[in-house]
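Structure below is input_7.tsv: TSV, C-alpha atoms.
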```tsv
chain	number	residue	atom	x	y	z
V	1	MET	CA	26.24	-1.91	22.12
V	2	GLU	CA	24.05	-5.00	22.19
V	3	ASN	CA	21.09	-5.08	24.52
V	4	LYS	CA	21.27	-8.53	26.13
V	5	LYS	CA	20.17	-7.64	29.67
V	6	GLY	CA	17.50	-5.67	31.42
V	7	LEU	CA	13.91	-4.81	30.67
V	8	PHE	CA	14.10	-5.34	26.89
V	9	ALA	CA	16.17	-8.54	26.91
V	10	GLY	CA	13.21	-10.66	25.78
V	11	ILE	CA	11.94	-8.14	23.25
V	12	HIS	CA	14.96	-7.46	21.07
V	13	ARG	CA	16.61	-10.01	18.82
V	14	ASP	CA	20.19	-11.16	19.22
V	15	GLY	CA	22.66	-8.66	17.87
V	16	TYR	CA	20.30	-5.73	18.48
V	17	THR	CA	21.86	-2.26	18.61
V	18	TRP	CA	20.35	1.21	18.93
V	19	LYS	CA	20.41	1.49	15.12
V	20	ASP	CA	17.76	-1.26	15.00
V	21	SER	CA	15.35	0.56	17.34
V	22	MET	CA	11.80	1.36	16.33
V	23	ILE	CA	12.43	5.10	16.55
V	24	VAL	CA	15.49	4.97	14.30
V	25	SER	CA	13.61	2.78	11.80
V	26	ILE	CA	10.67	5.21	11.66
V	27	VAL	CA	12.94	8.26	11.33
V	28	LEU	CA	14.83	6.48	8.54
V	29	PHE	CA	11.53	5.68	6.86
V	30	PHE	CA	10.44	9.31	6.78
V	31	MET	CA	13.83	10.42	5.50
V	32	MET	CA	13.43	7.98	2.61
V	33	PHE	CA	9.82	9.05	2.18
V	34	PHE	CA	10.69	12.74	1.80
V	35	VAL	CA	13.72	12.16	-0.41
V	36	GLY	CA	11.77	9.71	-2.56
V	37	SER	CA	8.89	12.19	-2.80
V	38	GLY	CA	11.32	14.85	-3.99
V	39	ILE	CA	12.72	12.57	-6.68
V	40	GLY	CA	9.17	11.62	-7.64
V	41	LEU	CA	8.11	15.25	-7.91
V	42	ALA	CA	10.92	15.83	-10.39
V	43	ILE	CA	9.92	12.75	-12.42
V	44	GLY	CA	6.25	13.76	-12.46
V	45	THR	CA	7.10	17.33	-13.47
V	46	ILE	CA	9.22	16.12	-16.38
V	47	LEU	CA	6.39	13.89	-17.64
V	48	LYS	CA	3.90	16.75	-17.46
V	49	LEU	CA	6.17	18.93	-19.61
V	50	PHE	CA	5.01	16.88	-22.60
V	51	SER	CA	1.35	17.65	-22.00
V	52	ASN	CA	-0.83	19.62	-24.35
V	53	GLU	CA	-4.50	20.53	-24.50
V	54	GLY	CA	-5.42	17.06	-25.74
V	55	ASN	CA	-3.51	14.88	-23.28
V	56	ALA	CA	-3.05	17.06	-20.19
V	57	ALA	CA	-5.52	15.14	-18.01
V	58	PHE	CA	-4.07	11.76	-19.00
V	59	LEU	CA	-0.45	12.86	-18.48
V	60	GLU	CA	-1.43	14.26	-15.08
V	61	ILE	CA	-2.44	10.74	-14.05
V	62	LEU	CA	0.78	9.24	-15.37
V	63	GLY	CA	2.90	11.99	-13.83
V	64	ASP	CA	1.26	11.65	-10.41
V	65	ASN	CA	1.69	7.87	-10.33
V	66	PHE	CA	5.01	7.36	-12.12
V	67	GLY	CA	6.39	9.98	-9.76
V	68	PHE	CA	6.38	7.25	-7.11
V	69	LEU	CA	9.39	5.77	-8.90
V	70	GLY	CA	11.18	8.01	-6.42
V	71	TYR	CA	10.33	5.54	-3.66
V	72	TRP	CA	11.72	2.65	-5.70
V	73	ILE	CA	14.90	4.55	-6.48
V	74	ILE	CA	15.63	5.66	-2.92
V	75	ALA	CA	14.83	2.21	-1.48
V	76	VAL	CA	17.18	0.41	-3.86
V	77	ILE	CA	19.97	2.99	-3.43
V	78	TYR	CA	19.70	2.76	0.36
V	79	LEU	CA	19.76	-1.03	0.44
V	80	LEU	CA	22.70	-1.24	-1.93
V	81	LEU	CA	24.72	1.31	0.03
V	82	VAL	CA	23.90	0.33	3.61
V	83	LYS	CA	25.52	-3.06	4.09
V	84	SER	CA	23.78	-3.86	7.39
V	85	ASP	CA	20.32	-3.64	5.75
V	86	LYS	CA	21.25	-5.23	2.43
V	87	PRO	CA	19.55	-8.56	3.38
V	88	ILE	CA	16.20	-6.76	2.93
V	89	LEU	CA	16.79	-7.09	-0.82
V	90	HIS	CA	16.06	-10.82	-0.42
V	91	ALA	CA	12.44	-9.94	0.39
V	92	PHE	CA	12.01	-8.17	-2.96
V	93	GLY	CA	13.09	-10.94	-5.34
V	94	ARG	CA	12.24	-14.58	-6.05
V	95	GLU	CA	13.79	-16.05	-2.90
V	96	PRO	CA	10.62	-15.84	-0.74
V	97	ARG	CA	8.29	-18.73	-1.62
V	98	GLY	CA	5.35	-16.34	-2.08
V	99	ASN	CA	6.97	-13.97	-4.55
V	100	THR	CA	5.51	-15.67	-7.61
V	101	VAL	CA	3.35	-14.62	-10.53
V	102	LYS	CA	0.55	-16.80	-9.15
V	103	MET	CA	0.56	-15.02	-5.79
V	104	ALA	CA	0.69	-11.63	-7.50
V	105	LEU	CA	-2.39	-12.60	-9.52
V	106	TRP	CA	-4.13	-13.63	-6.31
V	107	GLY	CA	-3.21	-10.21	-4.93
V	108	LEU	CA	-4.81	-8.52	-7.93
V	109	LEU	CA	-7.98	-10.57	-7.44
V	110	ILE	CA	-8.10	-9.80	-3.72
V	111	GLY	CA	-7.64	-6.05	-4.18
V	112	LEU	CA	-10.20	-5.87	-6.99
V	113	SER	CA	-12.76	-8.04	-5.19
V	114	LEU	CA	-12.55	-6.22	-1.85
V	115	ASN	CA	-12.91	-2.81	-3.44
V	116	ALA	CA	-15.69	-3.95	-5.79
V	117	LEU	CA	-17.55	-5.40	-2.79
V	118	CYS	CA	-17.34	-2.08	-0.94
V	119	VAL	CA	-18.49	-0.18	-4.04
V	120	GLY	CA	-21.30	-2.67	-4.66
V	121	ILE	CA	-22.61	-2.19	-1.13
V	122	ALA	CA	-22.54	1.60	-1.57
V	123	VAL	CA	-24.48	1.27	-4.84
V	124	PHE	CA	-27.02	-1.13	-3.28
V	125	HIS	CA	-27.42	1.23	-0.33
V	126	GLY	CA	-28.23	4.06	-2.72
V	127	ASP	CA	-25.23	6.25	-1.85
V	128	ILE	CA	-23.77	6.37	-5.36
V	129	GLN	CA	-24.95	5.94	-8.93
V	130	LEU	CA	-22.56	4.76	-11.65
V	131	SER	CA	-22.90	4.77	-15.43
V	132	PHE	CA	-20.68	3.30	-18.14
V	133	SER	CA	-18.36	5.82	-19.81
V	134	SER	CA	-15.75	4.17	-22.05
V	135	LEU	CA	-13.23	1.32	-22.25
V	136	PRO	CA	-9.91	2.59	-23.69
V	137	VAL	CA	-7.97	-0.65	-23.15
V	138	LEU	CA	-4.46	0.51	-24.04
V	139	LYS	CA	-4.71	3.65	-21.94
V	140	LEU	CA	-6.10	1.65	-19.03
V	141	LEU	CA	-3.16	-0.77	-19.20
V	142	LEU	CA	-0.71	2.12	-19.10
V	143	VAL	CA	-2.58	3.68	-16.19
V	144	PHE	CA	-2.56	0.36	-14.33
V	145	LEU	CA	1.21	0.16	-14.79
V	146	SER	CA	1.54	3.65	-13.32
V	147	VAL	CA	-0.74	2.72	-10.41
V	148	PHE	CA	1.38	-0.37	-9.74
V	149	VAL	CA	4.45	1.88	-9.57
V	150	GLN	CA	2.63	4.10	-7.07
V	151	SER	CA	1.26	1.30	-4.89
V	152	GLY	CA	4.37	-0.85	-5.20
V	153	GLY	CA	6.52	2.08	-4.12
V	154	GLU	CA	4.50	2.54	-0.95
V	155	GLU	CA	4.75	-1.21	-0.27
V	156	LEU	CA	8.53	-1.17	-0.80
V	157	LEU	CA	8.93	1.43	1.92
V	158	CYS	CA	6.24	0.17	4.34
V	159	ARG	CA	6.09	-3.62	3.97
V	160	GLY	CA	9.60	-3.81	2.55
V	161	VAL	CA	12.15	-1.59	4.29
V	162	LEU	CA	10.27	-0.56	7.46
V	163	TYR	CA	8.64	-3.95	8.07
V	164	GLN	CA	11.94	-5.80	7.65
V	165	ARG	CA	13.88	-3.37	9.84
V	166	LEU	CA	11.30	-3.88	12.61
V	167	ARG	CA	11.65	-7.65	12.15
V	168	LYS	CA	15.41	-7.19	12.50
V	169	GLY	CA	15.12	-5.42	15.83
V	170	TYR	CA	12.27	-7.25	17.58
V	171	ARG	CA	11.65	-10.93	18.30
V	172	ASN	CA	7.87	-10.80	18.05
V	173	PRO	CA	6.77	-10.41	14.41
V	174	TRP	CA	3.62	-8.60	15.57
V	175	VAL	CA	5.76	-5.54	16.29
V	176	ALA	CA	6.41	-5.25	12.54
V	177	ILE	CA	2.88	-6.30	11.57
V	178	LEU	CA	1.13	-3.75	13.81
V	179	VAL	CA	3.59	-0.83	13.88
V	180	ASN	CA	4.34	-0.32	10.18
V	181	PRO	CA	0.62	0.32	9.39
V	182	ILE	CA	0.72	3.22	11.88
V	183	VAL	CA	3.39	4.84	9.73
V	184	PHE	CA	1.31	3.96	6.65
V	185	VAL	CA	-1.56	5.96	8.17
V	186	LEU	CA	0.77	8.91	8.85
V	187	MET	CA	1.67	8.94	5.14
V	188	HIS	CA	-2.01	9.64	4.39
V	189	ILE	CA	-3.05	11.66	7.42
V	190	LEU	CA	-2.89	15.07	5.69
V	191	LEU	CA	-4.96	14.04	2.68
V	192	PRO	CA	-8.05	16.21	2.12
V	193	GLY	CA	-11.29	14.82	3.49
V	194	ILE	CA	-9.71	12.13	5.68
V	195	THR	CA	-11.98	10.85	8.47
V	196	VAL	CA	-11.81	8.50	11.43
V	197	TRP	CA	-13.26	5.72	9.26
V	198	ALA	CA	-10.57	6.40	6.65
V	199	VAL	CA	-7.82	6.19	9.28
V	200	LEU	CA	-9.21	2.86	10.51
V	201	SER	CA	-9.47	1.36	7.02
V	202	ILE	CA	-5.98	2.54	6.01
V	203	TYR	CA	-4.54	1.07	9.21
V	204	LEU	CA	-6.35	-2.25	8.74
V	205	VAL	CA	-5.37	-2.53	5.09
V	206	GLY	CA	-1.76	-1.99	6.23
V	207	VAL	CA	-2.19	-4.86	8.68
V	208	MET	CA	-3.69	-7.02	5.92
V	209	PHE	CA	-0.75	-6.34	3.59
V	210	SER	CA	1.66	-7.10	6.46
V	211	LEU	CA	-0.08	-10.44	7.04
V	212	MET	CA	0.43	-11.26	3.35
V	213	VAL	CA	4.14	-10.66	3.82
V	214	TYR	CA	4.42	-12.57	7.10
V	215	TYR	CA	2.17	-15.57	6.52
V	216	LEU	CA	2.18	-15.90	2.73
V	217	ASP	CA	5.79	-14.66	2.33
V	218	SER	CA	4.72	-12.43	-0.52
V	219	LEU	CA	5.58	-8.76	-0.86
V	220	TRP	CA	4.50	-9.18	-4.48
V	221	MET	CA	0.97	-10.10	-3.37
V	222	ALA	CA	0.80	-7.02	-1.15
V	223	MET	CA	1.98	-4.81	-4.02
V	224	ALA	CA	-0.56	-6.31	-6.42
V	225	ALA	CA	-3.47	-6.12	-3.95
V	226	HIS	CA	-2.65	-2.49	-3.15
V	227	ALA	CA	-2.46	-1.60	-6.86
V	228	ALA	CA	-5.70	-3.43	-7.67
V	229	TRP	CA	-7.59	-1.67	-4.85
V	230	ASN	CA	-6.45	1.79	-6.00
V	231	PHE	CA	-6.99	1.08	-9.70
V	232	THR	CA	-10.44	-0.41	-9.17
V	233	GLN	CA	-11.61	2.50	-7.07
V	234	ASN	CA	-10.16	5.30	-9.21
V	235	PHE	CA	-10.11	4.03	-12.78
V	236	ILE	CA	-12.78	1.35	-13.00
V	237	PHE	CA	-15.50	2.98	-10.89
V	238	GLY	CA	-14.36	6.61	-11.15
V	239	LEU	CA	-14.53	7.20	-7.38
V	240	PRO	CA	-12.19	9.16	-5.10
V	241	ASN	CA	-9.09	7.21	-4.10
V	242	SER	CA	-7.83	8.65	-0.81
V	243	GLY	CA	-9.63	11.84	-1.78
V	244	THR	CA	-8.18	12.08	-5.32
V	245	VAL	CA	-10.46	11.95	-8.36
V	246	TYR	CA	-9.38	11.82	-12.02
V	247	ASP	CA	-11.51	12.45	-15.09
V	248	PHE	CA	-10.61	9.07	-16.61
V	249	SER	CA	-12.40	5.81	-15.79
V	250	ILE	CA	-14.56	3.04	-17.18
V	251	PHE	CA	-17.57	4.11	-15.12
V	252	LYS	CA	-18.53	7.60	-14.07
V	253	LEU	CA	-20.01	8.70	-10.78
V	254	ASN	CA	-23.15	10.83	-10.73
V	255	SER	CA	-21.69	13.21	-8.16
V	256	ALA	CA	-24.95	15.17	-7.83
V	257	THR	CA	-26.68	12.19	-6.24
V	258	ALA	CA	-23.76	10.90	-4.13
V	259	ARG	CA	-24.20	11.03	-0.37
V	260	THR	CA	-22.11	10.35	2.70
V	261	SER	CA	-23.17	7.41	4.86
V	262	LEU	CA	-21.67	4.43	6.67
V	263	CYS	CA	-21.08	2.92	3.21
V	264	TYR	CA	-19.55	5.88	1.38
V	265	ASN	CA	-17.90	9.25	1.89
V	266	VAL	CA	-18.37	11.91	-0.79
V	267	GLU	CA	-14.91	13.46	-0.31
V	268	PHE	CA	-12.77	10.39	0.40
V	269	GLY	CA	-14.61	7.49	-1.25
V	270	VAL	CA	-15.44	4.02	0.04
V	271	GLU	CA	-12.21	3.92	2.05
V	272	ALA	CA	-13.77	6.34	4.55
V	273	SER	CA	-16.67	4.04	5.40
V	274	ALA	CA	-17.66	1.54	8.05
V	275	THR	CA	-18.20	-0.92	5.20
V	276	ALA	CA	-14.55	-0.74	4.16
V	277	VAL	CA	-13.39	-1.17	7.76
V	278	LEU	CA	-15.57	-4.29	8.15
V	279	VAL	CA	-14.61	-5.81	4.77
V	280	ILE	CA	-10.88	-5.25	5.28
V	281	ALA	CA	-11.00	-6.49	8.87
V	282	LEU	CA	-12.72	-9.71	7.72
V	283	ALA	CA	-10.14	-10.20	4.96
V	284	ALA	CA	-7.31	-9.71	7.46
V	285	ALA	CA	-8.97	-12.18	9.83
V	286	VAL	CA	-9.14	-14.78	7.05
V	287	LEU	CA	-5.42	-14.31	6.34
V	288	LEU	CA	-4.64	-14.64	10.05
V	289	TRP	CA	-6.76	-17.80	10.33
V	290	LEU	CA	-5.19	-19.30	7.20
V	291	GLY	CA	-1.67	-18.53	8.38
V	292	LYS	CA	-2.18	-20.02	11.81
V	293	LYS	CA	-4.07	-23.07	10.54
V	294	LYS	CA	-1.36	-23.97	8.04
V	295	ASN	CA	1.44	-22.80	10.35
V	296	LEU	CA	2.79	-20.50	7.64
V	297	LYS	CA	5.72	-18.16	8.19
V	298	SER	CA	7.81	-16.00	5.89
V	299	LEU	CA	11.47	-16.19	5.05
V	300	ASP	CA	13.57	-14.53	7.76
V	301	VAL	CA	15.98	-12.41	5.72
V	302	TRP	CA	18.12	-11.85	8.80
V	303	GLU	CA	18.84	-15.56	9.15
V	304	SER	CA	19.03	-16.50	5.43
```
Starting from the coordinates I provided, produce the structure as structure tokens.
Amino acid sequence: MENKKGLFAGIHRDGYTWKDSMIVSIVLFFMMFFVGSGIGLAIGTILKLFSNEGNAAFLEILGDNFGFLGYWIIAVIYLLLVKSDKPILHAFGREPRGNTVKMALWGLLIGLSLNALCVGIAVFHGDIQLSFSSLPVLKLLLVFLSVFVQSGGEELLCRGVLYQRLRKGYRNPWVAILVNPIVFVLMHILLPGITVWAVLSIYLVGVMFSLMVYYLDSLWMAMAAHAAWNFTQNFIFGLPNSGTVYDFSIFKLNSATARTSLCYNVEFGVEASATAVLVIALAAAVLLWLGKKKNLKSLDVWES
């Protein structure tokens, strides 16, 4: 039954039904999240079956990240089967003006630069010491591909399916921009070592990625920026990424001298720092300013 009268008449879009409500969208998201995680666990386990004493650590990285193919699989299956949400597929392809190679490259640069800035501040502040380890180019390329699968999968569910379903139900785009990052935080809330600063930075980075989708019309940019942030932190600088550390990176951290401060957190990395919160908030503010100044707005898949 459409909600055209009453308290929420000005909030919901035309054609709104209970299936488009925020609660239903969030419940659907977590159903896809858990099913996708199950598929991903199976994929990761299969990859790790090929490990031996020489490649176990490397295959662990690939298994952990390629396991996120489960998110891709469940998102595509859902959108192909559920006719009412099939328009969301338009946001994934070349139809949006921002889904271009150029914008994806800008996303890579943004993610790398923001993370490198946070790491640089932590180094300058004396919280961490880094030393060069090795540069295995081919392995790094394969790892980056796996990280893109991981980060892109999270973006498909958060800034793809959930964001677009919230846009479908609510007139004000800020509902989608501000609510989907809350769910993004909940995806990470049980990670070891998470702090208040980490929650704030994860929420703000979710807002920043949402602004890329809304103003720059580019889910591809959000995917690339997310992947570049994670890859830079974990596999260039060898630091914890959301609390996870792998023994494979270009630089190595001297963990004996690392200390927790407003610029770094020993357990969670630069994400759990006031520095990251400030840097990400400034980047989001720039996107907001740019979008409003140029009067930018994304493709509305529900009207296309």
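Shell of Asp64 in chain V at 9 Å, with only C-alpha atoms counted and residues fewer than 3 places along the chain excluded, is V:Gly40, V:Leu41, V:Ile43, V:Gly44, V:Thr45, V:Leu59, V:Glu60, V:Ile61, V:Gly67, V:Phe68, V:Ser146, V:Gln150.
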- Need the neighbours of (-20.4, -0.7, -0.9): which residues are at most 8 Å away, counting only C-alpha atoms, as a list in words?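 Residues lying no farther than 8 Å from the given point: Ala116, Leu117, Cys118, Val119, Gly120, Ile121, Ala122, Val123, Phe124, His125, Cys263, Tyr264, Val270, Thr275 and Ala276 of chain V.
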- Item | Between CA of Val183 in chain V and CA of Leu200 in chain V - distance in Å to one decimal | 12.8 Å
- Grab the CA of Thr257 in chain V to CA of Val277 in chain V distance for me, in Å with one decimal place.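 These atoms are spaced 23.5 Å apart.
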- Expressed in Å to a single decimal, how great is the separation between CA of Leu211 in chain V and CA of Ala272 in chain V? 21.8 Å
- Note on the structure: In terms of all atoms listed in the file, the residue from V:Phe148, V:Trp106, V:Tyr170, V:Tyr215 at minimal distance from Leu69 in chain V is V:Phe148
Would you pick out the contacts of Ala256 in chain V at 12 Å or less, using all atoms listed in the file, so that residues sharing its chain but fewer than 3 positions from it are not included, and give the list as a PDB file with C-alpha atoms, in the coordinates of the input?
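This went into around_31.pdb:
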```
ATOM      1  CA  ASP V 127     -25.230   6.250  -1.850  1.00  0.00           C
ATOM      2  CA  ILE V 128     -23.770   6.370  -5.360  1.00  0.00           C
ATOM      3  CA  GLN V 129     -24.950   5.940  -8.930  1.00  0.00           C
ATOM      4  CA  LEU V 130     -22.560   4.760 -11.650  1.00  0.00           C
ATOM      5  CA  LYS V 252     -18.530   7.600 -14.070  1.00  0.00           C
ATOM      6  CA  LEU V 253     -20.010   8.700 -10.780  1.00  0.00           C
ATOM      7  CA  ARG V 259     -24.200  11.030  -0.370  1.00  0.00           C
ATOM      8  CA  THR V 260     -22.110  10.350   2.700  1.00  0.00           C
ATOM      9  CA  VAL V 266     -18.370  11.910  -0.790  1.00  0.00           C
TER      10      VAL V 266
END
```
